[in-house]
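Novice: mmCIF, C-alpha atoms, file structure.cif:
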```cif
data_run
loop_
_atom_site.group_PDB
_atom_site.id
_atom_site.type_symbol
_atom_site.label_atom_id
_atom_site.label_comp_id
_atom_site.auth_asym_id
_atom_site.auth_seq_id
_atom_site.Cartn_x
_atom_site.Cartn_y
_atom_site.Cartn_z
ATOM 1 C CA MET S 1 94.992 73.811 89.196
ATOM 2 C CA LEU S 2 95.208 77.597 89.105
ATOM 3 C CA MET S 3 95.572 77.933 92.865
ATOM 4 C CA ARG S 4 98.654 75.730 92.848
ATOM 5 C CA ARG S 5 100.214 78.007 90.248
ATOM 6 C CA LEU S 6 99.378 81.115 92.255
ATOM 7 C CA GLN S 7 100.271 80.034 95.778
ATOM 8 C CA SER S 8 101.280 83.510 96.909
ATOM 9 C CA ALA S 9 97.693 84.808 96.787
ATOM 10 C CA PRO S 10 97.009 87.028 99.825
ATOM 11 C CA SER S 11 94.022 86.421 102.073
ATOM 12 C CA HIS S 12 92.869 87.881 105.384
ATOM 13 C CA GLN S 13 89.542 88.522 107.042
ATOM 14 C CA LEU S 14 87.609 91.740 107.071
ATOM 15 C CA GLY S 15 84.991 92.494 109.719
ATOM 16 C CA GLY S 16 81.886 94.633 109.887
ATOM 17 C CA GLU S 17 79.580 96.139 112.518
ATOM 18 C CA PRO S 18 76.004 97.480 112.265
ATOM 19 C CA ILE S 19 75.850 101.034 110.923
ATOM 20 C CA GLU S 20 73.371 103.882 110.878
ATOM 21 C CA LEU S 21 72.036 104.679 107.418
ATOM 22 C CA ASN S 22 72.895 108.366 107.081
ATOM 23 C CA GLY S 23 75.443 109.938 104.779
ATOM 24 C CA SER S 24 75.797 111.529 101.361
ATOM 25 C CA ILE S 25 74.529 110.480 97.923
ATOM 26 C CA GLU S 26 77.258 109.577 95.425
ATOM 27 C CA GLU S 27 77.375 108.243 91.859
ATOM 28 C CA ASN S 28 79.166 104.907 91.627
ATOM 29 C CA SER S 29 80.452 103.390 88.374
ATOM 30 C CA LEU S 30 79.052 99.931 89.140
ATOM 31 C CA LEU S 31 76.072 100.636 91.380
ATOM 32 C CA GLY S 32 74.739 103.962 90.152
ATOM 33 C CA LYS S 33 73.420 106.215 92.911
ATOM 34 C CA VAL S 34 74.446 105.043 96.372
ATOM 35 C CA LEU S 35 74.472 106.370 99.909
ATOM 36 C CA CYS S 36 77.996 106.714 101.308
ATOM 37 C CA VAL S 37 78.182 106.244 105.087
ATOM 38 C CA CYS S 38 80.895 105.703 107.680
ATOM 39 C CA GLU S 39 81.073 102.735 110.012
ATOM 40 C CA PRO S 40 80.468 103.862 113.623
ATOM 41 C CA GLY S 41 83.684 104.185 115.597
ATOM 42 C CA SER S 42 85.872 104.350 112.511
ATOM 43 C CA GLU S 43 86.483 106.332 109.339
ATOM 44 C CA LYS S 44 85.806 103.276 107.187
ATOM 45 C CA PRO S 45 83.441 104.294 104.348
ATOM 46 C CA LEU S 46 80.672 101.954 103.229
ATOM 47 C CA LEU S 47 78.147 102.072 100.391
ATOM 48 C CA VAL S 48 74.409 101.526 100.803
ATOM 49 C CA LYS S 49 72.432 100.447 97.757
ATOM 50 C CA SER S 50 68.678 99.783 97.606
ATOM 51 C CA PHE S 51 66.930 98.060 94.720
ATOM 52 C CA SER S 52 63.659 96.348 93.954
ATOM 53 C CA VAL S 53 63.143 92.781 92.768
ATOM 54 C CA GLU S 54 60.010 90.801 92.022
ATOM 55 C CA ASN S 55 60.643 88.629 95.062
ATOM 56 C CA ALA S 56 63.197 90.024 97.478
ATOM 57 C CA SER S 57 63.606 86.654 99.179
ATOM 58 C CA ILE S 58 64.810 84.874 96.026
ATOM 59 C CA ASN S 59 68.457 85.921 96.361
ATOM 60 C CA ARG S 60 68.578 85.690 100.179
ATOM 61 C CA PRO S 61 70.595 82.421 100.277
ATOM 62 C CA ARG S 62 73.263 83.961 98.038
ATOM 63 C CA LEU S 63 73.283 87.170 100.056
ATOM 64 C CA GLU S 64 73.671 85.252 103.294
ATOM 65 C CA LYS S 65 76.493 83.172 101.904
ATOM 66 C CA LEU S 66 78.322 86.182 100.462
ATOM 67 C CA ALA S 67 77.932 88.139 103.705
ATOM 68 C CA SER S 68 79.703 85.294 105.515
ATOM 69 C CA LEU S 69 82.750 85.428 103.221
ATOM 70 C CA ASN S 70 85.817 87.493 104.118
ATOM 71 C CA HIS S 71 88.594 88.036 101.596
ATOM 72 C CA GLU S 72 90.501 91.177 100.724
ATOM 73 C CA ASN S 73 89.884 90.605 97.007
ATOM 74 C CA LEU S 74 86.163 89.934 97.336
ATOM 75 C CA LEU S 75 84.089 93.068 97.738
ATOM 76 C CA LYS S 76 82.717 92.710 101.249
ATOM 77 C CA LEU S 77 78.976 92.566 101.784
ATOM 78 C CA HIS S 78 78.657 93.859 105.346
ATOM 79 C CA GLY S 79 74.940 93.242 105.634
ATOM 80 C CA PHE S 80 71.514 93.490 104.034
ATOM 81 C CA PHE S 81 67.834 93.700 104.859
ATOM 82 C CA SER S 82 64.615 93.390 102.893
ATOM 83 C CA VAL S 83 61.290 95.156 103.246
ATOM 84 C CA ASP S 84 58.452 93.999 100.981
ATOM 85 C CA GLU S 85 60.010 93.891 97.486
ATOM 86 C CA GLN S 86 62.983 96.152 98.233
ATOM 87 C CA THR S 87 66.401 94.975 99.361
ATOM 88 C CA THR S 88 69.123 97.206 100.819
ATOM 89 C CA LEU S 89 72.776 96.187 100.756
ATOM 90 C CA ILE S 90 75.675 97.540 102.823
ATOM 91 C CA ILE S 91 78.861 97.098 100.794
ATOM 92 C CA GLU S 92 82.533 97.919 101.200
ATOM 93 C CA LYS S 93 83.360 101.183 99.432
ATOM 94 C CA PHE S 94 85.401 101.076 96.245
ATOM 95 C CA ASP S 95 86.699 103.820 93.977
ATOM 96 C CA ARG S 96 86.164 102.559 90.441
ATOM 97 C CA SER S 97 85.978 99.458 88.282
ATOM 98 C CA LEU S 98 88.754 97.688 86.416
ATOM 99 C CA HIS S 99 86.935 98.745 83.251
ATOM 100 C CA ASP S 100 87.345 102.407 84.270
ATOM 101 C CA GLU S 101 91.043 101.870 84.943
ATOM 102 C CA ILE S 102 91.599 100.126 81.597
ATOM 103 C CA ILE S 103 89.955 103.043 79.785
ATOM 104 C CA ARG S 104 92.224 105.481 81.641
ATOM 105 C CA ARG S 105 95.323 103.462 80.789
ATOM 106 C CA LYS S 106 94.223 103.083 77.155
ATOM 107 C CA THR S 107 93.943 106.854 76.828
ATOM 108 C CA GLN S 108 97.532 107.233 78.048
ATOM 109 C CA MET S 109 98.818 103.993 76.438
ATOM 110 C CA GLU S 110 99.960 102.931 79.899
ATOM 111 C CA TYR S 111 100.191 99.142 79.670
ATOM 112 C CA TYR S 112 100.164 97.020 82.799
ATOM 113 C CA SER S 113 103.541 95.637 83.802
ATOM 114 C CA GLU S 114 103.753 91.874 84.033
ATOM 115 C CA GLN S 115 104.168 92.151 87.797
ATOM 116 C CA GLU S 116 100.906 94.106 87.997
ATOM 117 C CA LEU S 117 99.121 91.477 85.904
ATOM 118 C CA TRP S 118 100.443 88.587 88.005
ATOM 119 C CA SER S 119 99.263 90.408 91.127
ATOM 120 C CA MET S 120 95.842 90.987 89.568
ATOM 121 C CA ALA S 121 95.515 87.351 88.484
ATOM 122 C CA THR S 122 96.688 86.019 91.842
ATOM 123 C CA SER S 123 94.285 88.244 93.756
ATOM 124 C CA LEU S 124 91.231 87.440 91.662
ATOM 125 C CA ILE S 125 91.846 83.694 91.516
ATOM 126 C CA SER S 126 92.290 83.575 95.278
ATOM 127 C CA ALA S 127 88.884 85.220 95.713
ATOM 128 C CA PHE S 128 87.285 82.964 93.081
ATOM 129 C CA ALA S 129 88.655 79.944 94.935
ATOM 130 C CA LEU S 130 86.866 81.059 98.090
ATOM 131 C CA MET S 131 83.621 81.572 96.167
ATOM 132 C CA GLN S 132 83.940 78.143 94.564
ATOM 133 C CA LYS S 133 84.658 76.508 97.910
ATOM 134 C CA SER S 134 81.417 78.071 99.117
ATOM 135 C CA GLY S 135 79.519 76.732 96.113
ATOM 136 C CA LEU S 136 79.177 80.117 94.392
ATOM 137 C CA HIS S 137 79.923 80.684 90.725
ATOM 138 C CA HIS S 138 80.002 84.233 89.390
ATOM 139 C CA GLY S 139 78.525 83.918 85.908
ATOM 140 C CA ASN S 140 79.519 87.346 84.581
ATOM 141 C CA VAL S 141 83.241 87.867 85.178
ATOM 142 C CA CYS S 142 84.463 90.923 83.267
ATOM 143 C CA PRO S 143 86.329 94.194 83.987
ATOM 144 C CA GLN S 144 83.012 95.893 84.766
ATOM 145 C CA GLN S 145 82.534 93.384 87.600
ATOM 146 C CA VAL S 146 85.944 93.943 89.189
ATOM 147 C CA ALA S 147 86.114 96.784 91.680
ATOM 148 C CA ILE S 148 89.237 98.707 92.666
ATOM 149 C CA SER S 149 89.512 99.714 96.322
ATOM 150 C CA PRO S 150 90.800 103.106 97.537
ATOM 151 C CA GLU S 151 94.112 101.302 98.244
ATOM 152 C CA GLY S 152 94.273 99.997 94.671
ATOM 153 C CA LYS S 153 93.320 96.349 95.358
ATOM 154 C CA VAL S 154 91.233 94.514 92.778
ATOM 155 C CA GLN S 155 88.059 93.003 94.229
ATOM 156 C CA ILE S 156 85.402 90.775 92.680
ATOM 157 C CA PHE S 157 81.977 92.359 92.617
ATOM 158 C CA ASP S 158 79.039 89.946 92.431
ATOM 159 C CA SER S 159 76.257 91.686 90.499
ATOM 160 C CA ASN S 160 73.999 88.704 91.196
ATOM 161 C CA ILE S 161 73.266 90.253 94.592
ATOM 162 C CA LEU S 162 71.472 93.112 92.814
ATOM 163 C CA GLY S 163 68.783 90.752 91.647
ATOM 164 C CA SER S 164 69.841 91.223 88.010
ATOM 165 C CA SER S 165 71.287 87.761 87.557
ATOM 166 C CA PRO S 166 69.736 85.553 84.881
ATOM 167 C CA LEU S 167 69.376 82.938 87.616
ATOM 168 C CA PHE S 168 66.380 84.833 88.962
ATOM 169 C CA LYS S 169 64.321 84.852 85.734
ATOM 170 C CA GLU S 170 62.358 82.467 83.589
ATOM 171 C CA VAL S 171 64.317 80.580 80.941
ATOM 172 C CA GLN S 172 63.560 82.904 78.007
ATOM 173 C CA GLU S 173 64.164 85.961 80.160
ATOM 174 C CA LYS S 174 67.458 84.430 81.256
ATOM 175 C CA ILE S 175 68.617 84.144 77.672
ATOM 176 C CA GLU S 176 67.506 87.666 76.764
ATOM 177 C CA SER S 177 69.078 89.061 79.928
ATOM 178 C CA MET S 178 72.439 87.357 79.300
ATOM 179 C CA ILE S 179 72.545 88.603 75.708
ATOM 180 C CA GLN S 180 71.632 92.106 76.828
ATOM 181 C CA LYS S 181 74.285 92.096 79.570
ATOM 182 C CA ARG S 182 76.945 90.932 77.078
ATOM 183 C CA GLY S 183 79.339 89.246 79.467
ATOM 184 C CA LEU S 184 82.672 87.617 78.653
ATOM 185 C CA TYR S 185 80.994 84.239 78.270
ATOM 186 C CA SER S 186 82.716 80.986 77.375
ATOM 187 C CA PRO S 187 82.269 79.547 73.842
ATOM 188 C CA LEU S 188 79.858 76.915 75.158
ATOM 189 C CA VAL S 189 77.675 79.518 76.869
ATOM 190 C CA MET S 190 77.630 81.563 73.634
ATOM 191 C CA GLU S 191 76.619 78.435 71.728
ATOM 192 C CA ASN S 192 73.829 77.755 74.217
ATOM 193 C CA LEU S 193 72.558 81.328 73.899
ATOM 194 C CA ASN S 194 72.624 81.043 70.118
ATOM 195 C CA GLU S 195 70.528 77.889 70.332
ATOM 196 C CA GLY S 196 68.124 79.528 72.750
ATOM 197 C CA CYS S 197 68.893 77.099 75.545
ATOM 198 C CA PHE S 198 70.229 78.127 78.947
ATOM 199 C CA TYR S 199 70.259 74.749 80.623
ATOM 200 C CA HIS S 200 72.731 72.784 78.513
ATOM 201 C CA GLN S 201 74.972 70.868 80.862
ATOM 202 C CA HIS S 202 78.292 72.542 81.444
ATOM 203 C CA ASP S 203 80.673 73.384 84.269
ATOM 204 C CA LEU S 204 79.707 76.806 85.647
ATOM 205 C CA PHE S 205 83.009 77.163 87.475
ATOM 206 C CA LYS S 206 85.008 76.445 84.314
ATOM 207 C CA SER S 207 82.939 79.065 82.522
ATOM 208 C CA ASP S 208 84.135 81.508 85.180
ATOM 209 C CA VAL S 209 87.739 80.464 84.418
ATOM 210 C CA PHE S 210 87.283 81.329 80.739
ATOM 211 C CA SER S 211 85.687 84.671 81.606
ATOM 212 C CA PHE S 212 88.550 85.355 84.023
ATOM 213 C CA GLY S 213 91.018 84.675 81.186
ATOM 214 C CA MET S 214 89.195 87.116 78.920
ATOM 215 C CA THR S 215 89.255 89.707 81.711
ATOM 216 C CA ILE S 216 93.040 89.396 82.056
ATOM 217 C CA LEU S 217 93.359 89.490 78.256
ATOM 218 C CA ASN S 218 91.335 92.709 78.312
ATOM 219 C CA ALA S 219 93.690 94.220 80.896
ATOM 220 C CA SER S 220 96.929 93.009 79.284
ATOM 221 C CA THR S 221 96.036 94.377 75.820
ATOM 222 C CA LEU S 222 93.947 97.385 76.958
ATOM 223 C CA THR S 223 91.428 96.181 74.366
ATOM 224 C CA ASP S 224 87.702 95.995 75.004
ATOM 225 C CA VAL S 225 87.309 92.317 74.126
ATOM 226 C CA LEU S 226 83.589 92.520 74.862
ATOM 227 C CA ARG S 227 83.245 94.655 71.731
ATOM 228 C CA THR S 228 86.071 93.367 69.551
ATOM 229 C CA VAL S 229 86.128 89.606 70.181
ATOM 230 C CA TYR S 230 82.460 88.888 70.825
ATOM 231 C CA MET S 231 80.185 89.030 67.766
ATOM 232 C CA TRP S 232 76.842 89.665 69.433
ATOM 233 C CA SER S 233 74.814 89.790 66.238
ATOM 234 C CA VAL S 234 75.533 86.084 65.652
ATOM 235 C CA LEU S 235 76.430 85.101 69.234
ATOM 236 C CA ARG S 236 79.883 83.848 68.330
ATOM 237 C CA ILE S 237 83.487 84.549 69.296
ATOM 238 C CA ASN S 238 85.712 86.076 66.624
ATOM 239 C CA MET S 239 88.550 83.555 66.651
ATOM 240 C CA LYS S 240 90.834 85.596 64.401
ATOM 241 C CA LYS S 241 90.577 88.617 66.676
ATOM 242 C CA LEU S 242 91.188 86.425 69.717
ATOM 243 C CA GLN S 243 94.302 84.930 68.145
ATOM 244 C CA ASP S 244 95.558 88.408 67.182
ATOM 245 C CA LEU S 245 95.269 89.552 70.799
ATOM 246 C CA LEU S 246 97.017 86.420 72.065
ATOM 247 C CA ALA S 247 99.846 87.083 69.593
ATOM 248 C CA GLU S 248 100.072 90.615 70.991
ATOM 249 C CA ILE S 249 100.555 89.432 74.567
ATOM 250 C CA ARG S 250 103.184 86.918 73.431
ATOM 251 C CA SER S 251 105.203 89.831 72.104
ATOM 252 C CA ARG S 252 104.874 91.821 75.332
ATOM 253 C CA TYR S 253 104.920 89.369 78.251
ATOM 254 C CA SER S 254 106.821 86.312 79.428
ATOM 255 C CA ARG S 255 106.114 82.736 78.409
ATOM 256 C CA PRO S 256 104.819 81.669 81.881
ATOM 257 C CA PHE S 257 102.283 84.496 81.898
ATOM 258 C CA CYS S 258 101.139 83.709 78.361
ATOM 259 C CA GLU S 259 100.816 80.018 79.207
ATOM 260 C CA LEU S 260 98.642 80.835 82.207
ATOM 261 C CA LEU S 261 96.380 82.941 80.018
ATOM 262 C CA LEU S 262 96.214 80.276 77.317
ATOM 263 C CA ASP S 263 95.245 77.674 79.919
ATOM 264 C CA CYS S 264 92.303 79.881 80.878
ATOM 265 C CA LEU S 265 91.178 80.416 77.288
ATOM 266 C CA VAL S 266 90.893 76.839 76.058
ATOM 267 C CA LEU S 267 87.820 76.702 73.826
ATOM 268 C CA GLU S 268 86.741 73.208 74.852
ATOM 269 C CA GLU S 269 85.192 73.675 78.285
ATOM 270 C CA LEU S 270 86.061 70.182 79.550
ATOM 271 C CA SER S 271 89.739 70.921 78.863
ATOM 272 C CA LEU S 272 89.771 74.177 80.829
ATOM 273 C CA ILE S 273 91.947 74.333 83.926
ATOM 274 C CA HIS S 274 90.285 74.182 87.349
ATOM 275 C CA ILE S 275 90.653 76.954 89.916
#
```
Would you give me this structure, written as structure tokens?
Specialist:
Amino acid sequence: MLMRRLQSAPSHQLGGEPIELNGSIEENSLLGKVLCVCEPGSEKPLLVKSFSVENASINRPRLEKLASLNHENLLKLHGFFSVDEQTTLIIEKFDRSLHDEIIRRKTQMEYYSEQELWSMATSLISAFALMQKSGLHHGNVCPQQVAISPEGKVQIFDSNILGSSPLFKEVQEKIESMIQKRGLYSPLVMENLNEGCFYHQHDLFKSDVFSFGMTILNASTLTDVLRTVYMWSVLRINMKKLQDLLAEIRSRYSRPFCELLLDCLVLEELSLIHI
């Protein structure tokens, strides 16, 4: 199991108190326009995001469960409320996404050190383990869904709370939405999308493991695998390109790190490692 291989993963609780919704409008790389506020009695900045969904109560169970989770590598949902068909979220502030950071590093050819990658992997897997323990799968793990805090910590962002998850749509809309979102999906999910079927039986948590592996591959090679490895016109994974990138990391990083990544990128879902 991944957690056994990453036993040094940090974890501590974060708290939150009710806040007044006044502050300044900012543009956020993951959320778009948000209201930035400060928690009363502290200088801790929080983000407030409002959005509309067809039925604001649909994602309430997930919101409630996420709001109860506390982990330094899981972007904290401090609270939420719904009025009619509009939901407002109060979220821990973050500076940028992992995708933004990879673009910056690519421009400067500043590759991650192996220590940085181990820290990233350990942090994310620890947070995924908490989500899985709570019965939550992510479904769209990719650099765009990983936030970076002002202190530089990586944190999982769950875009499902914005009501944009395919889980909240009819079957055909689910398929179209997933294709449009272009996530780092596992080979089986890509096959299901190609066949126009969302409900083929598969392990949702193992799909998250594969997507996690692709996210780390993205970071370790500074290559946008979403564009280079995924062939969206035919809904397939470019195996040659994937193998080329794996050969690249073998030349740059240690055998244990490469083996961890390979374990997360097994093409047969049933053979994928568990978190």
Novice: Excluding Arg62 (chain S) and residues on its chain fewer than 6 positions from it, collect all residues at most 10 Å away from it, counting all atoms listed in the file, and give them as a list in words.
Specialist: Ser68, Gly135, Leu136, Asn160 and Ile161 of chain S
Novice: Choose the residue, out of S:Ser113, S:Ser52, S:Ser123, S:Gln243, that has the smallest atom-to-atom separation from Ser220 (chain S); count only C-alpha atoms.
Specialist: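 For Ser220 (chain S), the nearest of the candidates is S:Ser113.
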Novice: Between S:Val225, S:Leu75, S:Cys38, S:Leu217, which residue has the minimum interatomic distance to Ile249 (chain S), considering only C-alpha atoms?
Specialist: S:Leu217
Novice: Just say which residues the PyMOL selection byres ((chain S and resi 69) around 9) picks in this file, as a CSV table (one decimal) with C-alpha atoms, in the coordinates of the input.
Specialist:
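Everything below was put into part_15.csv:
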```csv
chain,number,residue,atom,x,y,z
S,13,GLN,CA,89.5,88.5,107.0
S,14,LEU,CA,87.6,91.7,107.1
S,65,LYS,CA,76.5,83.2,101.9
S,66,LEU,CA,78.3,86.2,100.5
S,67,ALA,CA,77.9,88.1,103.7
S,68,SER,CA,79.7,85.3,105.5
S,70,ASN,CA,85.8,87.5,104.1
S,71,HIS,CA,88.6,88.0,101.6
S,74,LEU,CA,86.2,89.9,97.3
S,76,LYS,CA,82.7,92.7,101.2
S,77,LEU,CA,79.0,92.6,101.8
S,130,LEU,CA,86.9,81.1,98.1
S,131,MET,CA,83.6,81.6,96.2
S,134,SER,CA,81.4,78.1,99.1
```
Novice: Find, counting all atoms listed in the file, the residue in S:Lys106, S:His274, S:Lys133, S:Arg227 that gets nearest to Leu242 (chain S).
Specialist: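 Checking each of S:Lys106, S:His274, S:Lys133, S:Arg227 against Leu242 (chain S), counting all atoms listed in the file, the winner is S:Arg227.
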Novice: Running the PyMOL selection byres ((chain S and resi 118) around 12) on this model by hand, what would come out? Give it as a list in words.
Specialist: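 Expected selection for the PyMOL selection byres ((chain S and resi 118) around 12) here is Arg5, Leu6, Gln7, Ser8, Ala9, Tyr112, Ser113, Glu114, Gln115, Glu116, Leu117, Ser119, Met120, Ala121, Thr122, Ser123, Leu124, Ile125, Val154, Ile216, Ala219, Ser220, Tyr253, Ser254, Pro256, Phe257, Cys258, Leu260 and Leu261 of chain S.
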Novice: Given the file above and the PyMOL selection byres ((chain S and resi 150) around 8), which residues are selected, and can you give them as a list of chain:residue names?
Specialist: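 For this structure, the PyMOL selection byres ((chain S and resi 150) around 8) resolves to S:Lys93, S:Phe94, S:Asp95, S:Ile148, S:Ser149, S:Glu151, S:Gly152, S:Lys153.
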Novice: Pick the closest to Glu110 (chain S) from S:Gln145, S:Thr221, S:Asn28, S:Gln86: which is it, counting only C-alpha atoms?
Specialist: S:Thr221
Novice: Could you jot down the CA of Leu46 (chain S) to CA of Val34 (chain S) separation for me, Å, one decimal place?
Specialist: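 Atom-to-atom, CA of Leu46 (chain S) to CA of Val34 (chain S), that is 9.8 Å.
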Novice: Please list, as a PyMOL selection string, the residues that have an atom at most 6 Å away from (70.7, 100.0, 102.4) in the coordinates of this file, counting only C-alpha atoms.
Specialist: chain S and resi 48-50+88-90
Novice: For the residues in the current selection, export C-alpha atoms as an mmCIF file, keeping the file's coordinate frame.
Specialist:
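Produced file part.cif, reproduced below:
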```cif
data_model
loop_
_atom_site.group_PDB
_atom_site.id
_atom_site.type_symbol
_atom_site.label_atom_id
_atom_site.label_comp_id
_atom_site.auth_asym_id
_atom_site.auth_seq_id
_atom_site.Cartn_x
_atom_site.Cartn_y
_atom_site.Cartn_z
ATOM 1 C CA VAL S 48 74.409 101.526 100.803
ATOM 2 C CA LYS S 49 72.432 100.447 97.757
ATOM 3 C CA SER S 50 68.678 99.783 97.606
ATOM 4 C CA THR S 88 69.123 97.206 100.819
ATOM 5 C CA LEU S 89 72.776 96.187 100.756
ATOM 6 C CA ILE S 90 75.675 97.540 102.823
#
```
Novice: Taking all atoms listed in the file into account, name the residue in S:His138, S:Asn238, S:Arg252, S:Thr228 that is nearest to Ser207 (chain S).
Specialist: S:His138
Novice: Would you mind reading off the distance between CA of Ile156 (chain S) and CA of Ser251 (chain S), one decimal, in Å?
Specialist: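 Calculated distance between CA of Ile156 (chain S) and CA of Ser251 (chain S) is 28.6 Å.
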Novice: Just how far from CA of Leu226 (chain S) is CA of Phe210 (chain S), in Å to one decimal?
Specialist: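 Between these atoms lies a distance of 13.2 Å.
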Novice: Show which residues sit within 8 Å of Phe212 (chain S), as a list in words. Count all atoms listed in the file, and ignore same-chain residues fewer than 2 positions away.
Specialist: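 Close residues of Phe212 (chain S): Val141, Cys142, Asp208, Val209, Phe210, Met214, Thr215, Ile216 and Cys264 of chain S.
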Novice: Return the single residue from S:Leu246, S:Met239, S:Leu204, S:Val234 that is closest to His137 (chain S), with distances computed using only C-alpha atoms.
Specialist: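 Checking each of S:Leu246, S:Met239, S:Leu204, S:Val234 against His137 (chain S), counting only C-alpha atoms, the winner is S:Leu204.
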